[in-house]
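Just final_20.pdb here, PDB, C-alpha atoms:
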```pdb
ATOM      1  CA  MET H  40      33.919   6.938  13.530
ATOM      2  CA  ASN H  41      33.578   5.534   9.994
ATOM      3  CA  ALA H  42      30.579   5.589   7.640
ATOM      4  CA  LEU H  43      29.676   1.950   8.287
ATOM      5  CA  ARG H  44      29.427   2.616  12.022
ATOM      6  CA  PHE H  45      27.124   5.602  11.386
ATOM      7  CA  LEU H  46      24.946   3.435   9.098
ATOM      8  CA  SER H  47      24.880   0.587  11.618
ATOM      9  CA  ASP H  48      23.883   2.934  14.420
ATOM     10  CA  ASP H  49      21.074   4.467  12.331
ATOM     11  CA  VAL H  50      19.679   1.089  11.268
ATOM     12  CA  ALA H  51      19.855  -0.233  14.833
ATOM     13  CA  ARG H  52      17.968   2.842  16.065
ATOM     14  CA  VAL H  53      15.209   2.413  13.458
ATOM     15  CA  VAL H  54      14.840  -1.286  14.316
ATOM     16  CA  ARG H  55      14.831  -0.633  18.063
ATOM     17  CA  ASP H  56      12.064   1.953  17.784
ATOM     18  CA  ALA H  57       9.908   0.158  15.184
ATOM     19  CA  SER H  58      10.123  -3.492  16.277
ATOM     20  CA  PRO H  59       7.724  -3.263  19.259
ATOM     21  CA  ALA H  60       4.902  -2.435  16.819
ATOM     22  CA  VAL H  61       5.390  -5.637  14.786
ATOM     23  CA  ALA H  62       3.227  -8.613  15.750
ATOM     24  CA  HIS H  63       3.011 -12.280  14.860
ATOM     25  CA  ILE H  64      -0.358 -13.458  13.527
ATOM     26  CA  ARG H  65      -1.670 -16.999  14.053
ATOM     27  CA  THR H  66      -4.879 -18.223  12.477
ATOM     28  CA  LEU H  67      -7.314 -21.089  12.846
ATOM     29  CA  VAL H  68      -8.714 -22.420   9.594
ATOM     30  CA  GLY H  69     -10.972 -25.436   9.219
ATOM     31  CA  GLY H  70     -10.463 -26.474  12.822
ATOM     32  CA  ARG H  71      -6.660 -26.733  12.517
ATOM     33  CA  SER H  72      -4.214 -24.046  13.607
ATOM     34  CA  ARG H  73      -1.639 -23.033  11.047
ATOM     35  CA  LEU H  74       1.935 -23.176  12.268
ATOM     36  CA  SER H  75       2.389 -19.613  11.090
ATOM     37  CA  GLY H  76      -0.040 -17.089   9.681
ATOM     38  CA  GLY H  77       2.150 -14.087   9.042
ATOM     39  CA  SER H  78       3.086 -10.718  10.458
ATOM     40  CA  GLY H  79       1.217  -7.542  11.279
ATOM     41  CA  VAL H  80       1.950  -4.002  12.385
ATOM     42  CA  ALA H  81       0.096  -1.950  14.991
ATOM     43  CA  VAL H  82      -0.826   1.441  13.538
ATOM     44  CA  ALA H  83      -2.604   2.953  16.562
ATOM     45  CA  PRO H  84      -2.310   2.583  20.341
ATOM     46  CA  ASP H  85      -5.913   1.313  20.551
ATOM     47  CA  GLY H  86      -4.892  -2.109  19.179
ATOM     48  CA  SER H  87      -5.534  -1.511  15.474
ATOM     49  CA  ILE H  88      -3.251  -3.830  13.504
ATOM     50  CA  LEU H  89      -2.753  -4.006   9.747
ATOM     51  CA  THR H  90      -1.956  -7.353   8.175
ATOM     52  CA  ASN H  91      -2.417  -8.939   4.758
ATOM     53  CA  SER H  92      -5.784 -10.068   3.504
ATOM     54  CA  HIS H  93      -4.279 -13.398   2.469
ATOM     55  CA  VAL H  94      -2.974 -13.977   6.006
ATOM     56  CA  VAL H  95      -6.450 -13.948   7.602
ATOM     57  CA  ARG H  96      -8.630 -14.984   4.660
ATOM     58  CA  GLY H  97     -10.890 -17.872   5.628
ATOM     59  CA  ALA H  98      -9.805 -17.820   9.275
ATOM     60  CA  THR H  99     -12.333 -18.784  11.932
ATOM     61  CA  ALA H 100     -10.136 -17.341  14.701
ATOM     62  CA  VAL H 101      -7.131 -15.009  14.780
ATOM     63  CA  GLU H 102      -4.561 -14.586  17.549
ATOM     64  CA  VAL H 103      -2.000 -11.807  17.778
ATOM     65  CA  GLU H 104       1.270 -12.227  19.663
ATOM     66  CA  LEU H 105       2.855  -8.909  20.618
ATOM     67  CA  THR H 106       6.574  -8.424  21.150
ATOM     68  CA  ASP H 107       6.031  -8.030  24.916
ATOM     69  CA  GLY H 108       4.846 -11.660  24.993
ATOM     70  CA  ARG H 109       1.102 -11.051  25.215
ATOM     71  CA  SER H 110      -1.136 -13.280  23.063
ATOM     72  CA  LEU H 111      -4.516 -11.694  22.353
ATOM     73  CA  VAL H 112      -7.557 -12.816  20.396
ATOM     74  CA  ALA H 113      -8.168 -10.438  17.480
ATOM     75  CA  ASP H 114     -11.332  -9.396  15.676
ATOM     76  CA  VAL H 115     -11.152  -8.992  11.903
ATOM     77  CA  VAL H 116     -12.588  -5.483  11.440
ATOM     78  CA  GLY H 117     -12.440  -5.656   7.662
ATOM     79  CA  ASP H 118     -10.663  -7.169   4.696
ATOM     80  CA  ASP H 119      -9.665  -5.673   1.332
ATOM     81  CA  PRO H 120      -8.407  -8.257  -1.183
ATOM     82  CA  ALA H 121      -7.914  -5.486  -3.773
ATOM     83  CA  THR H 122      -4.885  -4.216  -1.819
ATOM     84  CA  ASP H 123      -4.159  -7.431   0.133
ATOM     85  CA  LEU H 124      -4.763  -5.576   3.401
ATOM     86  CA  ALA H 125      -6.890  -6.429   6.418
ATOM     87  CA  LEU H 126      -7.518  -4.620   9.695
ATOM     88  CA  LEU H 127      -7.481  -6.457  13.028
ATOM     89  CA  HIS H 128      -8.320  -5.148  16.475
ATOM     90  CA  VAL H 129      -7.195  -6.475  19.839
ATOM     91  CA  ALA H 130      -8.810  -5.407  23.104
ATOM     92  CA  THR H 131      -6.260  -4.345  25.700
ATOM     93  CA  ASP H 132      -6.218  -2.130  28.794
ATOM     94  CA  THR H 133      -2.777  -0.735  27.982
ATOM     95  CA  PRO H 134      -1.711   1.161  24.831
ATOM     96  CA  VAL H 135      -0.116  -0.982  22.133
ATOM     97  CA  PRO H 136       3.259   0.199  20.755
ATOM     98  CA  HIS H 137       2.500   1.402  17.226
ATOM     99  CA  LEU H 138       4.174   2.705  14.105
ATOM    100  CA  ASP H 139       3.078   5.841  12.262
ATOM    101  CA  LEU H 140       2.456   5.722   8.520
ATOM    102  CA  ALA H 141       4.676   8.013   6.456
ATOM    103  CA  ASP H 142       3.844   9.917   3.255
ATOM    104  CA  SER H 143       4.820   7.371   0.606
ATOM    105  CA  ASN H 144       4.678  10.055  -2.110
ATOM    106  CA  ALA H 145       7.965  11.320  -0.663
ATOM    107  CA  VAL H 146       9.712   7.974  -1.195
ATOM    108  CA  ARG H 147      12.515   7.989  -3.769
ATOM    109  CA  VAL H 148      14.097   5.196  -5.754
ATOM    110  CA  GLY H 149      17.328   4.446  -3.906
ATOM    111  CA  ASP H 150      16.010   5.269  -0.424
ATOM    112  CA  VAL H 151      17.188   2.811   2.222
ATOM    113  CA  VAL H 152      14.385   0.822   3.886
ATOM    114  CA  VAL H 153      14.238  -1.807   6.604
ATOM    115  CA  ALA H 154      11.768  -4.718   6.516
ATOM    116  CA  ILE H 155      10.651  -6.079   9.887
ATOM    117  CA  GLY H 156       8.536  -9.177  10.356
ATOM    118  CA  SER H 157       7.894 -12.293  12.367
ATOM    119  CA  PRO H 158       8.507 -15.272  10.072
ATOM    120  CA  TYR H 159       7.557 -18.582  11.710
ATOM    121  CA  GLY H 160       7.225 -16.732  15.022
ATOM    122  CA  LEU H 161      10.822 -15.476  14.980
ATOM    123  CA  ALA H 162      10.007 -12.019  16.313
ATOM    124  CA  SER H 163      11.640  -8.854  14.953
ATOM    125  CA  THR H 164      13.410 -10.464  12.014
ATOM    126  CA  VAL H 165      15.071  -7.665  10.047
ATOM    127  CA  THR H 166      16.387  -7.219   6.518
ATOM    128  CA  MET H 167      17.627  -4.056   4.833
ATOM    129  CA  GLY H 168      17.751  -2.830   1.246
ATOM    130  CA  ILE H 169      16.709   0.015  -1.017
ATOM    131  CA  VAL H 170      13.584   1.065  -2.874
ATOM    132  CA  SER H 171      14.176  -0.395  -6.338
ATOM    133  CA  ALA H 172      11.159   1.053  -8.161
ATOM    134  CA  LEU H 173       7.887   2.898  -7.585
ATOM    135  CA  GLY H 174       4.373   2.394  -8.911
ATOM    136  CA  ARG H 175       4.589  -1.277  -9.855
ATOM    137  CA  THR H 176       1.490  -3.308 -10.706
ATOM    138  CA  LEU H 177       1.563  -6.655  -8.944
ATOM    139  CA  ASP H 178      -0.264  -9.752 -10.108
ATOM    140  CA  ALA H 179      -1.933 -11.407  -7.148
ATOM    141  CA  PRO H 180      -3.915 -14.611  -6.536
ATOM    142  CA  GLY H 181      -7.465 -14.800  -7.861
ATOM    143  CA  GLY H 182      -6.761 -12.901 -11.069
ATOM    144  CA  ARG H 183      -6.538  -9.502  -9.368
ATOM    145  CA  THR H 184      -3.798  -6.868  -9.462
ATOM    146  CA  ILE H 185      -2.493  -4.417  -6.888
ATOM    147  CA  ASP H 186      -1.506  -1.041  -8.349
ATOM    148  CA  GLY H 187       1.034   1.495  -7.103
ATOM    149  CA  VAL H 188       3.232  -1.036  -5.303
ATOM    150  CA  LEU H 189       6.741  -0.274  -4.002
ATOM    151  CA  GLN H 190       9.449  -2.646  -5.217
ATOM    152  CA  THR H 191      12.410  -3.161  -2.895
ATOM    153  CA  ASP H 192      15.319  -5.551  -2.506
ATOM    154  CA  ALA H 193      14.997  -5.837   1.285
ATOM    155  CA  LEU H 194      14.498  -9.600   1.292
ATOM    156  CA  LEU H 195      11.385 -11.213   2.746
ATOM    157  CA  ASN H 196      10.521 -14.655   3.954
ATOM    158  CA  PRO H 197       7.137 -15.880   2.682
ATOM    159  CA  VAL H 198       5.493 -15.318   6.074
ATOM    160  CA  THR H 199       7.091 -11.928   6.683
ATOM    161  CA  SER H 200       4.051 -10.617   4.804
ATOM    162  CA  ALA H 201       2.361  -7.584   6.387
ATOM    163  CA  GLY H 202       5.361  -6.436   8.372
ATOM    164  CA  PRO H 203       6.298  -2.796   7.751
ATOM    165  CA  ARG H 204       8.850  -1.252   5.418
ATOM    166  CA  VAL H 205      10.439   1.414   7.571
ATOM    167  CA  ALA H 206      12.333   4.449   6.270
ATOM    168  CA  ALA H 207      15.222   6.276   7.896
ATOM    169  CA  GLU H 208      12.839   8.622   9.754
ATOM    170  CA  GLY H 209      11.384   5.620  11.590
ATOM    171  CA  ARG H 210       7.914   5.577  10.008
ATOM    172  CA  ALA H 211       6.348   2.942   7.755
ATOM    173  CA  VAL H 212       6.431   3.738   4.041
ATOM    174  CA  GLY H 213       4.825   0.427   3.080
ATOM    175  CA  ILE H 214       3.248  -2.820   4.222
ATOM    176  CA  ASN H 215       4.981  -5.958   2.915
ATOM    177  CA  THR H 216       2.774  -7.960   0.595
ATOM    178  CA  ALA H 217       4.668 -10.383  -1.637
ATOM    179  CA  VAL H 218       7.879 -11.971  -2.841
ATOM    180  CA  HIS H 219       8.342 -12.699  -6.543
ATOM    181  CA  ALA H 220       8.669 -16.475  -6.690
ATOM    182  CA  ARG H 221      10.923 -16.494  -9.768
ATOM    183  CA  GLY H 222      13.259 -13.659  -8.903
ATOM    184  CA  GLN H 223      15.896 -12.837  -6.329
ATOM    185  CA  GLY H 224      15.534  -9.494  -4.567
ATOM    186  CA  LEU H 225      12.080  -8.811  -6.041
ATOM    187  CA  CYS H 226       9.922  -7.920  -3.048
ATOM    188  CA  PHE H 227       6.878  -5.684  -2.877
ATOM    189  CA  ALA H 228       4.994  -3.502  -0.401
ATOM    190  CA  VAL H 229       1.682  -1.649  -0.505
ATOM    191  CA  PRO H 230       2.575   2.062  -0.115
ATOM    192  CA  SER H 231       1.653   3.677   3.177
ATOM    193  CA  ASN H 232      -0.659   6.234   1.561
ATOM    194  CA  THR H 233      -2.746   3.415   0.118
ATOM    195  CA  ALA H 234      -2.624   1.615   3.475
ATOM    196  CA  GLY H 235      -3.823   4.771   5.237
ATOM    197  CA  PHE H 236      -6.773   5.120   2.866
ATOM    198  CA  VAL H 237      -7.731   1.458   3.312
ATOM    199  CA  LEU H 238      -7.318   1.757   7.099
ATOM    200  CA  GLY H 239      -9.770   4.647   7.248
ATOM    201  CA  GLN H 240     -12.315   2.871   5.059
ATOM    202  CA  LEU H 241     -12.152  -0.378   7.031
ATOM    203  CA  ARG H 242     -12.577   1.502  10.309
ATOM    204  CA  ARG H 243     -15.675   3.316   9.039
ATOM    205  CA  HIS H 244     -17.348   0.691   6.885
ATOM    206  CA  GLY H 245     -15.681  -2.679   7.487
ATOM    207  CA  ARG H 246     -14.894  -2.723   3.768
ATOM    208  CA  VAL H 247     -13.522  -0.319   1.190
ATOM    209  CA  LEU H 248     -16.053   1.697  -0.786
ATOM    210  CA  ARG H 249     -14.435   2.635  -4.075
ATOM    211  CA  ALA H 250     -15.344   4.537  -7.149
ATOM    212  CA  TRP H 251     -14.114   2.916 -10.356
ATOM    213  CA  LEU H 252     -12.830   4.432 -13.583
ATOM    214  CA  GLY H 253     -12.230   1.216 -15.490
ATOM    215  CA  ILE H 254      -8.564   1.690 -16.322
ATOM    216  CA  GLY H 255      -5.253  -0.072 -15.809
ATOM    217  CA  ALA H 256      -2.800   2.475 -14.412
ATOM    218  CA  GLU H 257       0.919   2.961 -13.883
ATOM    219  CA  GLU H 258       2.901   5.788 -12.327
ATOM    220  CA  VAL H 259       5.164   7.620 -14.766
ATOM    221  CA  VAL H 260       7.593  10.521 -14.892
ATOM    222  CA  PHE H 261       7.137  12.811 -17.885
ATOM    223  CA  PRO H 262       9.464  15.521 -19.277
ATOM    224  CA  SER H 263       9.990  18.362 -16.813
ATOM    225  CA  ARG H 264       9.398  20.912 -19.584
ATOM    226  CA  LEU H 265       5.756  19.756 -19.705
ATOM    227  CA  ALA H 266       5.406  20.263 -15.952
ATOM    228  CA  LEU H 267       6.792  23.787 -16.293
ATOM    229  CA  GLU H 268       4.724  24.582 -19.374
ATOM    230  CA  HIS H 269       1.458  23.505 -17.726
ATOM    231  CA  ASP H 270       2.307  24.618 -14.152
ATOM    232  CA  LEU H 271       1.988  21.095 -12.761
ATOM    233  CA  GLY H 272       4.733  21.158 -10.125
ATOM    234  CA  ALA H 273       6.265  17.670 -10.048
ATOM    235  CA  ALA H 274       6.659  15.918 -13.409
ATOM    236  CA  ARG H 275       4.743  12.839 -12.247
ATOM    237  CA  GLY H 276       1.359  11.410 -13.145
ATOM    238  CA  VAL H 277      -0.617   8.218 -13.676
ATOM    239  CA  ALA H 278      -0.544   6.750 -17.174
ATOM    240  CA  VAL H 279      -3.549   4.919 -18.586
ATOM    241  CA  ARG H 280      -2.254   1.517 -19.711
ATOM    242  CA  SER H 281      -5.623  -0.058 -20.539
ATOM    243  CA  VAL H 282      -9.266   1.015 -20.761
ATOM    244  CA  VAL H 283     -12.166  -1.298 -19.922
ATOM    245  CA  SER H 284     -14.687  -1.339 -22.762
ATOM    246  CA  GLY H 285     -17.952   0.219 -21.628
ATOM    247  CA  GLY H 286     -16.427   1.507 -18.372
ATOM    248  CA  PRO H 287     -16.617   5.092 -17.090
ATOM    249  CA  ALA H 288     -13.237   6.076 -18.531
ATOM    250  CA  ALA H 289     -14.077   4.677 -21.962
ATOM    251  CA  SER H 290     -17.413   6.511 -21.963
ATOM    252  CA  ALA H 291     -15.638   9.763 -21.050
ATOM    253  CA  GLY H 292     -13.121   9.391 -23.874
ATOM    254  CA  LEU H 293      -9.950   8.457 -21.994
ATOM    255  CA  ARG H 294      -7.439   6.579 -24.101
ATOM    256  CA  ARG H 295      -4.483   4.308 -23.577
ATOM    257  CA  GLY H 296      -1.392   6.502 -23.200
ATOM    258  CA  ASP H 297      -3.159   9.434 -21.517
ATOM    259  CA  VAL H 298      -1.430  10.651 -18.341
ATOM    260  CA  ILE H 299      -3.815  11.725 -15.570
ATOM    261  CA  VAL H 300      -2.468  14.699 -13.606
ATOM    262  CA  GLN H 301      -5.585  15.905 -11.805
ATOM    263  CA  LEU H 302      -8.951  14.492 -10.735
ATOM    264  CA  GLY H 303     -11.394  17.063  -9.430
ATOM    265  CA  GLU H 304      -9.353  19.392  -7.241
ATOM    266  CA  ALA H 305      -6.739  16.760  -6.393
ATOM    267  CA  ARG H 306      -3.317  16.698  -8.037
ATOM    268  CA  ILE H 307      -2.560  13.131  -9.145
ATOM    269  CA  GLU H 308       1.083  12.023  -9.007
ATOM    270  CA  THR H 309       0.740   8.400  -7.887
ATOM    271  CA  VAL H 310      -1.731   5.527  -8.038
ATOM    272  CA  ALA H 311      -2.240   6.017  -4.293
ATOM    273  CA  ASP H 312      -3.404   9.589  -5.022
ATOM    274  CA  LEU H 313      -5.909   8.178  -7.510
ATOM    275  CA  HIS H 314      -7.166   5.619  -4.970
ATOM    276  CA  ARG H 315      -7.665   8.264  -2.276
ATOM    277  CA  THR H 316      -9.620  10.479  -4.667
ATOM    278  CA  LEU H 317     -11.854   7.606  -5.772
ATOM    279  CA  GLY H 318     -13.525   7.009  -2.432
ATOM    280  CA  GLY H 319     -17.147   6.120  -1.902
ATOM    281  CA  GLY H 320     -18.251   9.764  -2.253
ATOM    282  CA  ALA H 321     -17.090   9.822  -5.873
ATOM    283  CA  ILE H 322     -19.493   7.075  -6.981
ATOM    284  CA  ASP H 323     -21.892   8.358  -9.695
ATOM    285  CA  ALA H 324     -20.629  11.929  -9.205
ATOM    286  CA  PRO H 325     -19.331  13.689 -12.360
ATOM    287  CA  VAL H 326     -15.738  14.849 -11.927
ATOM    288  CA  ASP H 327     -13.269  16.620 -14.188
ATOM    289  CA  VAL H 328     -10.145  14.714 -15.126
ATOM    290  CA  VAL H 329      -7.147  16.688 -16.396
ATOM    291  CA  LEU H 330      -4.695  14.746 -18.511
ATOM    292  CA  LEU H 331      -1.705  15.052 -20.776
ATOM    293  CA  ARG H 332      -2.324  13.741 -24.287
ATOM    294  CA  ALA H 333       0.446  14.056 -26.861
ATOM    295  CA  GLY H 334       2.052  16.754 -24.702
ATOM    296  CA  LYS H 335      -1.095  18.886 -24.482
ATOM    297  CA  LEU H 336      -3.338  19.424 -21.475
ATOM    298  CA  GLU H 337      -6.921  18.245 -21.929
ATOM    299  CA  ARG H 338      -9.964  18.156 -19.644
ATOM    300  CA  LEU H 339     -12.707  15.522 -19.726
ATOM    301  CA  THR H 340     -15.621  14.732 -17.445
ATOM    302  CA  VAL H 341     -15.994  11.216 -16.089
ATOM    303  CA  ARG H 342     -18.700   9.698 -13.866
ATOM    304  CA  PRO H 343     -17.118   6.888 -11.790
ATOM    305  CA  LYS H 344     -19.166   3.815 -10.934
ATOM    306  CA  GLU H 345     -18.960   1.703  -7.795
ATOM    307  CA  ALA H 346     -16.027  -0.662  -8.103
ATOM    308  CA  PRO H 347     -16.911  -4.327  -8.645
ATOM    309  CA  ARG H 348     -16.458  -6.341  -5.445
ATOM    310  CA  ILE H 349     -13.437  -8.652  -5.482
ATOM    311  CA  ARG H 350     -14.302 -12.035  -4.074
ATOM    312  CA  SER H 351     -11.603 -13.722  -2.025
TER     313      SER H 351
END
```

Once you've parsed the file, please lay out its structure as structure tokens.
Amino acid sequence: MNALRFLSDDVARVVRDASPAVAHIRTLVGGRSRLSGGSGVAVAPDGSILTNSHVVRGATAVEVELTDGRSLVADVVGDDPATDLALLHVATDTPVPHLDLADSNAVRVGDVVVAIGSPYGLASTVTMGIVSALGRTLDAPGGRTIDGVLQTDALLNPVTSAGPRVAAEGRAVGINTAVHARGQGLCFAVPSNTAGFVLGQLRRHGRVLRAWLGIGAEEVVFPSRLALEHDLGAARGVAVRSVVSGGPAASAGLRRGDVIVQLGEARIETVADLHRTLGGGAIDAPVDVVLLRAGKLERLTVRPKEAPRIRS
């Protein structure tokens, strides 16, 4: 058996196991039903379904069509424009096939991923590609940005949004969010660790409570000698690309070019790590931030504020 047959068999297995968790989302806006809202992915057997915020924004009614043919009315549990994610729930007497979220910190550039969606109601549409880059910052409608995004070349249709990016192990490493309109093969997904954090917040509060540092951030890899010298483990951190004047980070003395490697007791390697650490409990609570500055390890104390609400 040749290598292509092995690859084909592996991809077919991943698609077979993951596809039942992918749903088609239809919405009603302004009294008229859209022909197609987008995709979604069930992340728990109780009928919890992640989709994109932009898919359900402004909807007066939402319907979910499962791959077994059932069409169910969905409640919008919560919406988070900051990550372009929303949580739906459908009431059903039988468990819904679902897909587990993977640890997106383990994703590598070059890993093969499969994108599954339901464009225009064409269930279980599949494309395949690789992870092209990690930690991208994505410009999104309304003047906002989404940090820590996975870039892949597994092509998407515009309404394949919110379908999963599935890795070889059969778990979701990301939730599809956008296609770059001016580029070929430039597609993006919210990493699964960020999606898991948002999922938990929406379940508990119906919205995401966030602490805010007031920085623009980007994931970086720094020289391995610095990781060894400072006993940091992986040579990865979050670089400060901009500092909001008068914000918590500026008041604490963070500067553009600093690389955050720890916040409180949490090691920071990705933007998703930073997001998880800056939950609602961190608001107005002083916390130590450990950073690399000009190759040296420094420690500052910052008091995060509640993040400004993003209006959709």

| Hey, which of H:Pro136, H:Gly209, H:Gly108, H:Pro120 ends up closest to Val94 in chain H? Count all atoms listed in the file. |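 Using all atoms listed in the file, the shortest distance to Val94 in chain H belongs to H:Pro120.
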
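Relative to CA of Arg96 in chain H, CA of Ala172 in chain H is found at 28.5 Å.
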
Can you tell me, as a short mmCIF file (atom, residue, chain, number, x, y, z; two decimals) with C-alpha atoms, in the coordinates of the input, which residues sit within 12 Å of (-5.8, -0.1, 23.7) in the file's frame, using all atoms listed in the file?
```cif
data_model
loop_
_atom_site.label_atom_id
_atom_site.label_comp_id
_atom_site.auth_asym_id
_atom_site.auth_seq_id
_atom_site.Cartn_x
_atom_site.Cartn_y
_atom_site.Cartn_z
CA ALA H 81 0.10 -1.95 14.99
CA VAL H 82 -0.83 1.44 13.54
CA ALA H 83 -2.60 2.95 16.56
CA PRO H 84 -2.31 2.58 20.34
CA ASP H 85 -5.91 1.31 20.55
CA GLY H 86 -4.89 -2.11 19.18
CA SER H 87 -5.53 -1.51 15.47
CA ILE H 88 -3.25 -3.83 13.50
CA LEU H 111 -4.52 -11.69 22.35
CA HIS H 128 -8.32 -5.15 16.48
CA VAL H 129 -7.20 -6.48 19.84
CA ALA H 130 -8.81 -5.41 23.10
CA THR H 131 -6.26 -4.34 25.70
CA ASP H 132 -6.22 -2.13 28.79
CA THR H 133 -2.78 -0.74 27.98
CA PRO H 134 -1.71 1.16 24.83
CA VAL H 135 -0.12 -0.98 22.13
CA PRO H 136 3.26 0.20 20.76
CA HIS H 137 2.50 1.40 17.23
#
```

| To one decimal place, how far is CA of Ser231 in chain H from CA of Arg44 in chain H in Å? | 29.2 Å

| task | Provide the CA of Val68 in chain H to CA of Gly156 in chain H distance in Å, to one decimal place. | result | 21.8 Å

| task | Could you check which of H:Ala289, H:Leu67, H:Ile214, H:Val50 is closest to Thr166 in chain H, using only C-alpha atoms? | result |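 Checking each of H:Ala289, H:Leu67, H:Ile214, H:Val50 against Thr166 in chain H, counting only C-alpha atoms, the winner is H:Val50.
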
| said: Given only C-alpha atoms as the basis, pick out the residue of H:Thr164, H:Ser263, H:Asn41, H:Ser281 nearest to Asp297 in chain H. | reply: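 Once distances to Asp297 in chain H are computed over only C-alpha atoms, the minimum belongs to H:Ser281.
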
| At most 12 Å from (-8.2, 7.7, -26.5), file frame, all atoms listed in the file: which residues, as a list of chain:residue names? |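 Residues close enough to count: H:Ile254, H:Val279, H:Arg280, H:Ser281, H:Val282, H:Val283, H:Ser284, H:Ala288, H:Ala289, H:Ser290, H:Ala291, H:Gly292, H:Leu293, H:Arg294, H:Arg295, H:Gly296, H:Asp297, H:Val298, H:Leu330, H:Leu331, H:Arg332, H:Ala333, H:Glu337, H:Leu339.
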
Selection to disk with C-alpha atoms, as a short mmCIF file (atom, residue, chain, number, x, y, z; two decimals), keeping the file's coordinate frame:
```cif
data_model
loop_
_atom_site.label_atom_id
_atom_site.label_comp_id
_atom_site.auth_asym_id
_atom_site.auth_seq_id
_atom_site.Cartn_x
_atom_site.Cartn_y
_atom_site.Cartn_z
CA ILE H 254 -8.56 1.69 -16.32
CA VAL H 279 -3.55 4.92 -18.59
CA ARG H 280 -2.25 1.52 -19.71
CA SER H 281 -5.62 -0.06 -20.54
CA VAL H 282 -9.27 1.01 -20.76
CA VAL H 283 -12.17 -1.30 -19.92
CA SER H 284 -14.69 -1.34 -22.76
CA ALA H 288 -13.24 6.08 -18.53
CA ALA H 289 -14.08 4.68 -21.96
CA SER H 290 -17.41 6.51 -21.96
CA ALA H 291 -15.64 9.76 -21.05
CA GLY H 292 -13.12 9.39 -23.87
CA LEU H 293 -9.95 8.46 -21.99
CA ARG H 294 -7.44 6.58 -24.10
CA ARG H 295 -4.48 4.31 -23.58
CA GLY H 296 -1.39 6.50 -23.20
CA ASP H 297 -3.16 9.43 -21.52
CA VAL H 298 -1.43 10.65 -18.34
CA LEU H 330 -4.70 14.75 -18.51
CA LEU H 331 -1.70 15.05 -20.78
CA ARG H 332 -2.32 13.74 -24.29
CA ALA H 333 0.45 14.06 -26.86
CA GLU H 337 -6.92 18.24 -21.93
CA LEU H 339 -12.71 15.52 -19.73
#
```
